[in-house]
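The file entry.txt contains compact mmCIF, C-alpha atoms:
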# COMPACT_ATOMS: atom_id res chain seq x y z
CA MET A 154 50.32 -37.15 -5.21
CA ARG A 155 47.52 -34.65 -4.81
CA CYS A 156 47.17 -32.32 -1.79
CA ARG A 157 43.83 -33.88 -0.85
CA GLU A 158 45.42 -37.27 -0.55
CA CYS A 159 48.36 -35.81 1.35
CA GLU A 160 46.00 -34.10 3.76
CA SER A 161 44.62 -37.34 5.18
CA ILE A 162 47.99 -38.97 5.87
CA LEU A 163 50.20 -36.01 6.74
CA TRP A 164 49.74 -36.51 10.47
CA MET A 165 50.60 -40.18 10.08
CA TYR A 166 53.78 -39.06 8.29
CA LEU A 167 54.59 -36.82 11.24
CA ASP A 168 53.93 -39.61 13.76
CA ASN A 169 56.00 -42.12 11.76
CA GLU A 170 52.97 -44.30 11.15
CA LEU A 171 53.32 -44.66 7.38
CA PRO A 172 54.87 -47.61 5.54
CA GLU A 173 58.20 -46.82 3.80
CA GLY A 174 56.76 -46.42 0.28
CA GLN A 175 54.06 -43.94 1.26
CA ARG A 176 56.55 -42.05 3.39
CA GLY A 177 58.72 -41.40 0.35
CA THR A 178 55.75 -40.19 -1.71
CA VAL A 179 54.71 -37.72 1.00
CA ALA A 180 58.29 -36.47 1.42
CA ALA A 181 58.55 -35.85 -2.33
CA HIS A 182 55.21 -34.02 -2.36
CA LEU A 183 56.27 -31.83 0.58
CA GLU A 184 59.37 -30.69 -1.35
CA SER A 185 57.25 -29.37 -4.18
CA CYS A 186 54.18 -28.10 -2.32
CA PRO A 187 54.59 -25.12 0.04
CA ARG A 188 50.95 -25.37 1.16
CA CYS A 189 51.33 -28.90 2.48
CA ALA A 190 54.71 -28.00 4.00
CA GLN A 191 53.00 -25.21 5.92
CA ALA A 192 50.29 -27.62 7.05
CA LEU A 193 53.03 -29.92 8.36
CA ASP A 194 54.47 -27.04 10.40
CA GLN A 195 51.06 -26.43 11.92
CA LEU A 196 50.72 -30.08 12.80
CA ARG A 197 54.18 -30.02 14.34
CA ALA A 198 53.25 -27.03 16.49
CA PHE A 199 50.88 -29.27 18.40
CA PRO A 200 52.62 -32.56 19.11
CA LEU A 201 49.68 -34.79 20.03
CA GLN A 202 51.03 -37.96 21.51
CA THR A 203 49.39 -40.51 23.70
CA THR A 204 52.07 -40.06 26.36
CA HIS A 205 51.05 -36.42 26.84
CA LEU A 206 47.42 -37.07 27.46
CA GLN A 207 45.80 -37.54 30.81
CA ILE A 208 42.85 -39.79 31.45
CA VAL A 209 40.48 -38.03 33.83
CA PRO A 210 38.79 -40.59 36.12
CA PRO A 211 35.31 -40.12 37.62
CA SER A 212 34.67 -39.39 41.31
CA PRO A 213 35.54 -42.13 43.84
CA ASP A 214 31.90 -43.02 44.59
CA PHE A 215 31.09 -43.45 40.89
CA THR A 216 30.73 -47.24 40.92
CA ALA A 217 28.75 -47.28 44.17
CA ARG A 218 26.25 -44.74 42.84
CA LEU A 219 25.95 -46.60 39.56
CA MET A 220 25.36 -49.95 41.23
CA GLN A 221 22.45 -48.43 43.17
CA ARG A 222 20.75 -47.90 39.84
CA ILE A 223 21.75 -51.31 38.50
CA THR A 224 20.66 -53.41 41.50
CA PRO A 225 16.88 -53.21 40.88
CA LEU A 226 17.27 -54.14 37.20
CA PRO A 227 16.79 -57.72 35.97
CA ALA A 228 19.70 -59.61 34.37
CA PRO A 229 20.79 -58.26 30.95
CA ARG A 230 19.75 -61.55 29.30
CA GLU A 231 16.22 -61.19 30.71
CA LEU A 232 16.10 -57.57 29.57
CA ALA A 233 17.07 -58.62 26.05
CA ALA A 234 14.39 -61.36 26.07
CA GLN A 235 11.75 -58.88 27.33
CA GLN A 236 12.62 -56.40 24.63
CA HIS A 237 12.26 -59.19 22.10
CA ARG A 238 8.75 -60.05 23.34
CA VAL A 239 7.49 -56.49 23.64
CA THR A 240 8.76 -55.53 20.23
CA GLY A 241 7.35 -58.47 18.33
CA TRP A 242 6.55 -55.96 15.60
CA GLN A 243 10.23 -55.28 15.11
CA GLY A 244 11.85 -56.44 11.93
CA PRO A 245 10.40 -56.96 8.45
CA LEU A 246 6.96 -58.02 9.77
CA GLY A 247 6.32 -54.64 11.44
CA MET A 248 7.50 -52.80 8.35
CA ALA A 249 5.25 -54.90 6.09
CA VAL A 250 2.22 -54.28 8.34
CA ALA A 251 2.93 -50.53 8.50
CA PHE A 252 3.24 -50.13 4.77
CA SER A 253 0.37 -52.41 3.78
CA THR A 254 -1.92 -50.55 6.24
CA ALA A 255 -0.98 -47.27 4.62
CA ALA A 256 -1.39 -48.68 1.12
CA ALA A 257 -4.79 -50.22 1.96
CA ALA A 258 -6.02 -46.92 3.43
CA ILE A 259 -4.96 -44.95 0.39
CA PHE A 260 -6.56 -47.54 -1.92
CA LEU A 261 -9.82 -47.42 0.05
CA GLY A 262 -9.72 -43.63 -0.10
CA LEU A 263 -9.33 -43.63 -3.86
CA LEU A 264 -12.06 -46.27 -4.22
CA SER A 265 -14.56 -44.34 -2.12
CA THR A 266 -13.73 -41.09 -3.90
CA ALA A 267 -14.27 -42.79 -7.26
CA ALA A 268 -17.57 -44.27 -6.07
CA LEU A 269 -18.80 -40.90 -4.82
CA ALA A 270 -17.66 -39.27 -8.03
CA LEU A 271 -19.50 -41.88 -10.06
CA ALA A 272 -22.72 -41.38 -8.07
CA SER A 273 -22.72 -37.59 -8.31
CA GLY A 274 -21.18 -37.50 -11.80
CA GLN A 275 -24.12 -39.39 -13.24
CA ARG A 276 -26.55 -36.69 -12.18
CA LEU A 277 -24.79 -33.96 -14.09
CA PRO A 278 -25.37 -35.07 -17.72
CA VAL A 279 -29.06 -35.77 -17.13
CA GLU A 280 -29.64 -32.08 -16.44
CA SER A 281 -27.60 -31.01 -19.46
CA GLY A 282 -29.38 -33.38 -21.93
CA GLY A 283 -28.22 -33.58 -25.63
CA SER A 284 -26.75 -36.25 -27.91
CA ALA A 285 -25.22 -39.52 -26.82
CA SER A 286 -21.65 -38.34 -27.43
CA SER A 287 -22.15 -35.07 -25.54
CA ILE A 288 -23.71 -37.05 -22.68
CA ALA A 289 -20.63 -39.26 -22.64
CA ASN A 290 -18.39 -36.16 -22.65
CA ALA A 291 -20.44 -34.61 -19.90
CA ILE A 292 -20.28 -37.79 -17.82
CA GLY A 293 -16.49 -37.72 -18.25
CA ALA A 294 -16.22 -34.02 -17.38
CA GLY A 295 -18.67 -34.35 -14.50
CA MET A 296 -16.75 -37.27 -13.07
CA VAL A 297 -13.47 -35.37 -13.25
CA ILE A 298 -15.05 -32.41 -11.45
CA ALA A 299 -16.76 -34.67 -8.90
CA PHE A 300 -13.52 -36.57 -8.33
CA TRP A 301 -11.72 -33.36 -7.41
CA GLU A 302 -14.64 -32.33 -5.22
CA HIS A 303 -14.41 -35.56 -3.29
CA LEU A 304 -10.64 -35.55 -3.14
CA SER A 305 -10.85 -34.52 0.50
CA TRP A 306 -11.99 -38.08 1.23
CA THR A 307 -8.82 -39.42 -0.35
CA ILE A 308 -6.75 -37.06 1.76
CA ILE A 309 -8.57 -38.09 4.95
CA PHE A 310 -8.10 -41.78 4.24
CA ALA A 311 -4.49 -41.27 3.28
CA LEU A 312 -3.85 -39.37 6.54
CA VAL A 313 -5.47 -42.17 8.54
CA GLY A 314 -3.27 -44.65 6.71
CA MET A 315 -0.14 -42.67 7.42
CA LEU A 316 -1.05 -42.29 11.09
CA ALA A 317 -1.49 -46.06 11.29
CA ALA A 318 1.88 -46.58 9.64
CA LEU A 319 3.53 -44.05 11.98
CA ALA A 320 1.98 -45.77 15.00
CA VAL A 321 3.46 -49.10 13.97
CA LEU A 322 6.84 -47.51 13.27
CA TRP A 323 6.74 -45.81 16.69
CA PHE A 324 6.29 -49.12 18.48
CA ARG A 325 8.86 -50.72 16.24
CA VAL A 326 11.67 -48.18 16.37
CA VAL A 327 11.21 -45.45 18.96
CA ALA A 328 9.42 -47.08 21.90
CA PRO A 329 11.83 -50.04 22.38
CA ARG A 330 14.65 -47.59 23.17
CA HIS A 331 12.88 -46.19 26.23
CA MET B 84 49.88 -64.27 26.35
CA VAL B 85 49.03 -61.70 28.98
CA ALA B 86 46.61 -60.03 26.56
CA TYR B 87 45.04 -63.39 25.81
CA GLY B 88 44.60 -64.08 29.52
CA GLN B 89 42.97 -60.69 30.06
CA GLN B 90 40.65 -61.25 27.14
CA THR B 91 39.38 -64.58 28.40
CA GLU B 92 39.05 -63.23 31.94
CA GLU B 93 36.98 -60.40 30.55
CA ALA B 94 34.87 -62.82 28.50
CA VAL B 95 34.10 -64.77 31.70
CA LEU B 96 33.10 -61.54 33.46
CA ILE B 97 30.84 -60.51 30.58
CA GLU B 98 29.08 -63.88 30.48
CA ALA B 99 28.52 -63.77 34.24
CA ALA B 100 27.20 -60.19 34.05
CA LYS B 101 24.84 -61.15 31.22
CA ALA B 102 23.36 -63.86 33.45
CA GLY B 103 22.77 -61.32 36.23
CA ASP B 104 25.97 -61.49 38.32
CA GLN B 105 26.12 -57.89 39.51
CA GLU B 106 29.54 -58.29 41.08
CA ALA B 107 30.87 -59.22 37.63
CA PHE B 108 29.25 -56.11 36.15
CA ARG B 109 30.79 -54.01 38.92
CA GLN B 110 34.20 -55.29 37.90
CA ILE B 111 33.52 -54.42 34.26
CA VAL B 112 32.55 -50.91 35.37
CA GLU B 113 35.78 -50.61 37.38
CA ARG B 114 37.76 -51.54 34.27
CA TYR B 115 36.11 -49.14 31.87
CA GLN B 116 34.95 -46.20 33.99
CA GLY B 117 38.18 -44.28 33.37
CA ALA B 118 37.93 -44.61 29.59
CA VAL B 119 34.20 -43.88 29.46
CA HIS B 120 34.34 -40.93 31.85
CA ASN B 121 37.36 -39.43 30.12
CA LEU B 122 35.63 -39.71 26.73
CA ALA B 123 32.55 -37.93 28.09
CA TYR B 124 34.71 -35.27 29.78
CA ARG B 125 36.68 -34.55 26.61
CA MET B 126 33.62 -34.48 24.42
CA LEU B 127 31.16 -32.62 26.65
CA GLY B 128 33.56 -30.25 28.39
CA THR B 129 32.75 -30.18 32.12
CA PRO B 130 33.35 -32.72 34.91
CA GLU B 131 29.72 -32.47 36.10
CA GLU B 132 28.29 -33.30 32.69
CA ALA B 133 30.86 -36.04 32.23
CA GLU B 134 29.94 -37.69 35.52
CA ASP B 135 26.22 -37.74 34.70
CA ALA B 136 26.84 -38.89 31.16
CA ALA B 137 29.12 -41.73 32.30
CA GLN B 138 26.40 -42.95 34.69
CA GLU B 139 23.82 -42.97 31.90
CA ILE B 140 26.25 -44.70 29.55
CA PHE B 141 26.87 -47.57 31.98
CA VAL B 142 23.13 -48.03 32.56
CA ARG B 143 22.78 -48.28 28.78
CA ILE B 144 25.65 -50.73 28.59
CA TYR B 145 23.92 -52.88 31.22
CA ARG B 146 20.60 -52.74 29.37
CA GLN B 147 22.21 -53.67 26.05
CA LEU B 148 24.65 -56.23 27.42
CA GLY B 149 22.21 -59.08 26.73
CA ARG B 150 22.53 -58.34 23.04
CA TYR B 151 26.32 -57.92 23.06
CA ASP B 152 27.90 -60.15 20.43
CA SER B 153 31.10 -61.70 21.81
CA GLU B 154 32.63 -61.63 18.31
CA ARG B 155 33.07 -57.88 18.73
CA LYS B 156 35.82 -56.36 20.83
CA PHE B 157 34.19 -55.35 24.12
CA SER B 158 36.17 -52.13 24.50
CA THR B 159 35.11 -50.93 21.02
CA TRP B 160 31.48 -51.88 21.71
CA THR B 161 31.55 -49.98 25.03
CA LEU B 162 33.17 -46.90 23.52
CA ALA B 163 30.67 -46.98 20.63
CA ILE B 164 27.77 -46.73 23.10
CA ALA B 165 29.61 -43.96 24.98
CA THR B 166 30.45 -41.99 21.83
CA ASN B 167 26.92 -42.17 20.46
CA TYR B 168 25.53 -41.03 23.78
CA CYS B 169 27.87 -38.01 23.84
CA ILE B 170 27.07 -37.09 20.23
CA ASP B 171 23.38 -37.26 21.15
CA GLN B 172 23.98 -34.96 24.13
CA LEU B 173 25.87 -32.42 22.02
CA ARG B 174 23.03 -32.45 19.47
CA ARG B 175 20.44 -31.97 22.20
CA ARG B 176 22.47 -29.17 23.76
CA ARG B 177 22.48 -27.25 20.48
CA MET B 178 18.68 -27.10 20.62
CA GLN B 179 18.55 -25.76 24.18
CA PHE B 180 19.38 -22.43 25.67
CA VAL B 181 22.94 -22.40 26.96
CA PRO B 182 24.94 -19.69 28.72
CA LEU B 183 26.91 -17.51 26.33
CA GLU B 184 30.26 -18.60 27.71
CA ASN B 185 29.45 -22.19 26.79
CA ILE B 186 28.79 -21.21 23.19
CA ILE B 187 31.91 -19.09 22.81
CA PRO B 188 34.31 -20.50 25.42
CA TRP B 189 37.28 -18.68 23.92
CA ALA B 190 35.72 -15.38 25.02
CA ARG B 191 36.34 -16.47 28.59
CA ALA B 192 39.53 -18.36 27.76
CA ARG B 193 41.15 -15.26 26.26
CA ASP B 194 40.29 -13.17 29.30
CA SER B 195 42.25 -15.37 31.66
CA GLY B 196 45.16 -15.37 29.20
CA PRO B 197 47.54 -18.18 28.25
CA GLU B 198 49.38 -19.62 31.23
CA GLY B 199 52.43 -21.43 29.98
CA GLU B 200 52.75 -23.64 26.94
CA ALA B 201 49.86 -26.03 26.58
CA LEU B 202 51.50 -29.41 26.42
CA SER B 203 54.76 -28.93 28.29
CA SER B 204 52.80 -27.83 31.35
CA GLU B 205 50.42 -30.75 30.77
CA SER B 206 47.73 -28.54 32.15
CA ARG B 207 44.48 -30.43 31.98
CA ASP B 208 42.46 -27.23 31.66
CA GLU B 209 44.56 -25.84 28.83
CA MET B 210 44.02 -28.98 26.78
CA GLN B 211 40.36 -28.92 27.67
CA ARG B 212 40.10 -25.28 26.63
CA LEU B 213 41.63 -26.00 23.24
CA LEU B 214 39.37 -29.03 22.76
CA LYS B 215 36.29 -26.93 23.49
CA ARG B 216 37.27 -24.56 20.70
CA LEU B 217 37.43 -27.40 18.20
CA PRO B 218 34.33 -28.03 16.07
CA GLU B 219 32.22 -30.79 17.64
CA LYS B 220 32.57 -33.14 14.71
CA TYR B 221 36.36 -33.27 15.16
CA ARG B 222 36.20 -34.07 18.87
CA ALA B 223 35.05 -37.67 18.71
CA PRO B 224 37.72 -38.85 16.20
CA LEU B 225 40.46 -36.98 18.05
CA VAL B 226 39.51 -38.21 21.53
CA LEU B 227 39.03 -41.80 20.38
CA ARG B 228 42.37 -41.77 18.55
CA TYR B 229 44.60 -40.17 21.18
CA TRP B 230 42.97 -40.66 24.56
CA GLU B 231 41.32 -44.01 23.95
CA ASP B 232 44.06 -45.23 21.61
CA LEU B 233 41.75 -46.72 18.94
CA SER B 234 42.81 -47.30 15.34
CA CYS B 235 41.30 -45.26 12.52
CA ALA B 236 39.46 -48.38 11.33
CA GLU B 237 37.84 -48.85 14.75
CA ILE B 238 36.84 -45.17 14.93
CA ALA B 239 35.35 -45.42 11.43
CA GLU B 240 33.30 -48.43 12.57
CA ILE B 241 32.05 -46.60 15.68
CA LEU B 242 31.06 -43.43 13.85
CA GLY B 243 29.80 -45.20 10.74
CA VAL B 244 31.89 -43.20 8.27
CA PRO B 245 34.70 -44.21 5.88
CA GLU B 246 38.21 -44.54 7.32
CA GLY B 247 39.48 -41.86 4.91
CA THR B 248 37.04 -39.35 6.41
CA ILE B 249 38.35 -40.09 9.91
CA LYS B 250 41.95 -39.55 8.77
CA THR B 251 41.07 -36.22 7.17
CA GLN B 252 39.14 -35.13 10.26
CA ILE B 253 42.08 -35.96 12.51
CA HIS B 254 44.37 -34.01 10.19
CA ARG B 255 42.09 -30.95 10.28
CA ALA B 256 41.63 -31.16 14.03
CA ARG B 257 45.38 -31.31 14.63
CA LYS B 258 46.02 -28.50 12.17
CA GLN B 259 43.51 -26.31 14.00
CA LEU B 260 45.09 -27.15 17.35
CA GLY B 261 48.47 -26.19 15.87
CA LYS B 262 47.07 -22.87 14.66
CA MET B 263 45.57 -22.17 18.09
CA LEU B 264 48.87 -22.93 19.77
CA GLU B 265 50.77 -20.71 17.34
CA GLY B 266 48.39 -17.94 18.34
CA VAL B 267 49.21 -18.55 21.99
CA GLU B 268 52.94 -18.53 21.32
CA GLU B 269 52.80 -15.36 19.26
CA ARG B 270 51.09 -13.56 22.09
CA GLN B 271 53.67 -14.87 24.53
CA ASP B 272 56.51 -13.71 22.28
CA ALA B 273 54.93 -10.27 22.08
CA LEU B 274 54.66 -10.17 25.86
CA SER B 275 58.28 -11.25 26.45
CA ARG B 276 59.55 -8.59 24.03
CA VAL B 277 57.86 -5.80 25.96
What is this file in structure tokens?
Amino acid sequence: MRCRECESILWMYLDNELPEGQRGTVAAHLESCPRCAQALDQLRAFPLQTTHLQIVPPSPDFTARLMQRITPLPAPRELAAQQHRVTGWQGPLGMAVAFSTAAAAIFLGLLSTAALALASGQRLPVESGGSASSIANAIGAGMVIAFWEHLSWTIIFALVGMLAALAVLWFRVVAPRH
Amino acid sequence: MVAYGQQTEEAVLIEAAKAGDQEAFRQIVERYQGAVHNLAYRMLGTPEEAEDAAQEIFVRIYRQLGRYDSERKFSTWTLAIATNYCIDQLRRRRMQFVPLENIIPWARARDSGPEGEALSSESRDEMQRLLKRLPEKYRAPLVLRYWEDLSCAEIAEILGVPEGTIKTQIHRARKQLGKMLEGVEERQDALSRV
């Protein structure tokens, strides 16, 4: 038996809560391991037993004060039904809506960035002139540059998408608790 | 048979309370207020905080009662709500400003000195003082095991961690309590020798 294993059941050994077989294994380990034997002494120094422990009750007017807060509330069954109605977005549907909104926003962002890049990228090679292959290269290079220039649009759309997703998650997870 | 009778009686009370019978809910509160308040007191440290926490916990229990699944043991379900509330409070407290003596309670505890042996005197405050010195993560397993008399499996279910982790935490908590007590005794021995 390893010390780690012994550690988790040593207190059960002390409280006589172990089955016979495990008890023997722990006893054998304690003979050979001074560290665990010391740990047992420390456990013994504080004999935690249910009979020693007091239950501290609340003040005498506890129930009366509590019932003042409970009285205006509707029945628990009604409360559960209300929560179900209000949080119709809860469950897989809400999650699906949140994530597809975010995905759609990011896709739109990329699409618009690509469109803007295409529009401005086409202007670049016309100014530079030259052979067909260099025009093609320039269109490629211009589009890459233009894409990065318009990346801010992607970021804006992505942020909008994430905000939408967060809003759905808020209504789904956080708001129902209040 | 007695236990069976109590269980069915409780099930009747719960069903009535779910439907809006406030007298039935009052009886449930009477049954569990000791356990819930004691848990809050042991975990949070002061009677004032425990009283407020227990009130909040029972309002939560009422609000969630409609979704209580009768397959689960009611006492475990109740104590799960109570434990999670207290853990939340401890987490919140860590983010707020608190008086120094709340952060290092032993500073004050040492000043007043050890009065008698902790358990033989059964002094409520002594036990409470030792509990406050325990790391927060050990408090819930220890209180649920010894004051609320739950099994390690039930505690593991409440806290959402493996049973082995609970056993190790209880071991470490008890070992620390033993070390603290040895410290107390050593000081007493030193005093009696003078």
Find the residues in chain A near chain B: any atom within 6 Å counts, using only C-alpha atoms. Write them as a PDB file with C-alpha atoms, keeping the file's coordinate frame.
ATOM      1  CA  SER A 161      44.620 -37.340   5.180  1.00  0.00           C
ATOM      2  CA  TRP A 164      49.740 -36.510  10.470  1.00  0.00           C
ATOM      3  CA  GLN A 195      51.060 -26.430  11.920  1.00  0.00           C
ATOM      4  CA  LEU A 196      50.720 -30.080  12.800  1.00  0.00           C
ATOM      5  CA  ALA A 198      53.250 -27.030  16.490  1.00  0.00           C
ATOM      6  CA  PHE A 199      50.880 -29.270  18.400  1.00  0.00           C
ATOM      7  CA  THR A 203      49.390 -40.510  23.700  1.00  0.00           C
ATOM      8  CA  ILE A 208      42.850 -39.790  31.450  1.00  0.00           C
ATOM      9  CA  VAL A 209      40.480 -38.030  33.830  1.00  0.00           C
ATOM     10  CA  PRO A 210      38.790 -40.590  36.120  1.00  0.00           C
ATOM     11  CA  PRO A 211      35.310 -40.120  37.620  1.00  0.00           C
ATOM     12  CA  ALA A 228      19.700 -59.610  34.370  1.00  0.00           C
ATOM     13  CA  PRO A 229      20.790 -58.260  30.950  1.00  0.00           C
ATOM     14  CA  ARG A 230      19.750 -61.550  29.300  1.00  0.00           C
ATOM     15  CA  ALA A 233      17.070 -58.620  26.050  1.00  0.00           C
TER      16      ALA A 233
END
Practice problem: Calculate how many Å separate atom CA of Val297 of chain A from atom CA of Val313 of chain A, rounding to one decimal. | Solution: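 Computing the Euclidean distance for atom CA of Val297 of chain A and atom CA of Val313 of chain A yields 24.2 Å.
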Excluding segment 185-192 of chain A and any residue of its chain fewer than 6 positions from it, enumerate the residues within 8 Å of it, using all atoms listed in the file, and give them as a PDB file with C-alpha atoms, keeping the file's coordinate frame.
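See selection.pdb below for the written result:
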ATOM      1  CA  CYS A 156      47.170 -32.320  -1.790  1.00  0.00           C
ATOM      2  CA  CYS A 159      48.360 -35.810   1.350  1.00  0.00           C
ATOM      3  CA  GLU A 160      46.000 -34.100   3.760  1.00  0.00           C
TER       4      GLU A 160
ATOM      5  CA  LYS B 258      46.020 -28.500  12.170  1.00  0.00           C
TER       6      LYS B 258
END
Report, as JSON, the centre and edge lengths in Å (one decimal) of the axis-aligned box enclosing every listed atom of segment 257-268 of chain A, padded by 6 Å on each side.
{"center_x": -11.2, "center_y": -45.7, "center_z": -1.9, "size_x": 24.8, "size_y": 21.1, "size_z": 22.7}
Exercise. For atom CA of Ala223 of chain B and atom CA of Ala236 of chain B, quote the distance in Å rounded to one decimal.
Key: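 Computing the Euclidean distance for atom CA of Ala223 of chain B and atom CA of Ala236 of chain B yields 13.7 Å.
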Exercise. Could you tell me which of A:Gly247, A:Leu264, A:Glu302, A:Leu201 comes closest to Ala320 of chain A if we count all atoms listed in the file?
Key: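 Nearest candidate to Ala320 of chain A out of A:Gly247, A:Leu264, A:Glu302, A:Leu201: A:Gly247.
Put simply, atom CA of Ala94 of chain B is 28.1 Å away from atom CA of Ile170 of chain B.
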Exercise. Measuring atom to atom with all atoms listed in the file, identify which of A:Leu304, A:Ala294, A:Ile309, A:Leu183 is nearest to Leu167 of chain A.
Key: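 Closest to Leu167 of chain A, using all atoms listed in the file: A:Leu183.
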Quiz item: Of the residues A:Leu163, A:Ala180, A:Asp214, A:Gln221, which is the one nearest to Leu193 of chain A, using all atoms listed in the file?
Solution: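 Distance minimum relative to Leu193 of chain A lands on A:Leu163.
Every protein or nucleic acid residue with an atom no more than 6 Å from Ala258 of chain A, counting all atoms listed in the file and leaving out same-chain residues fewer than 5 positions away, appears here: Phe310, Ala311 and Gly314 of chain A.
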Quiz item: Of the candidates B:Ile164, B:Leu233, B:Ala136, B:Met126, which shows the shortest atom-to-atom distance to Arg216 of chain B, using all atoms listed in the file?
Solution: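 Distance minimum relative to Arg216 of chain B lands on B:Met126.
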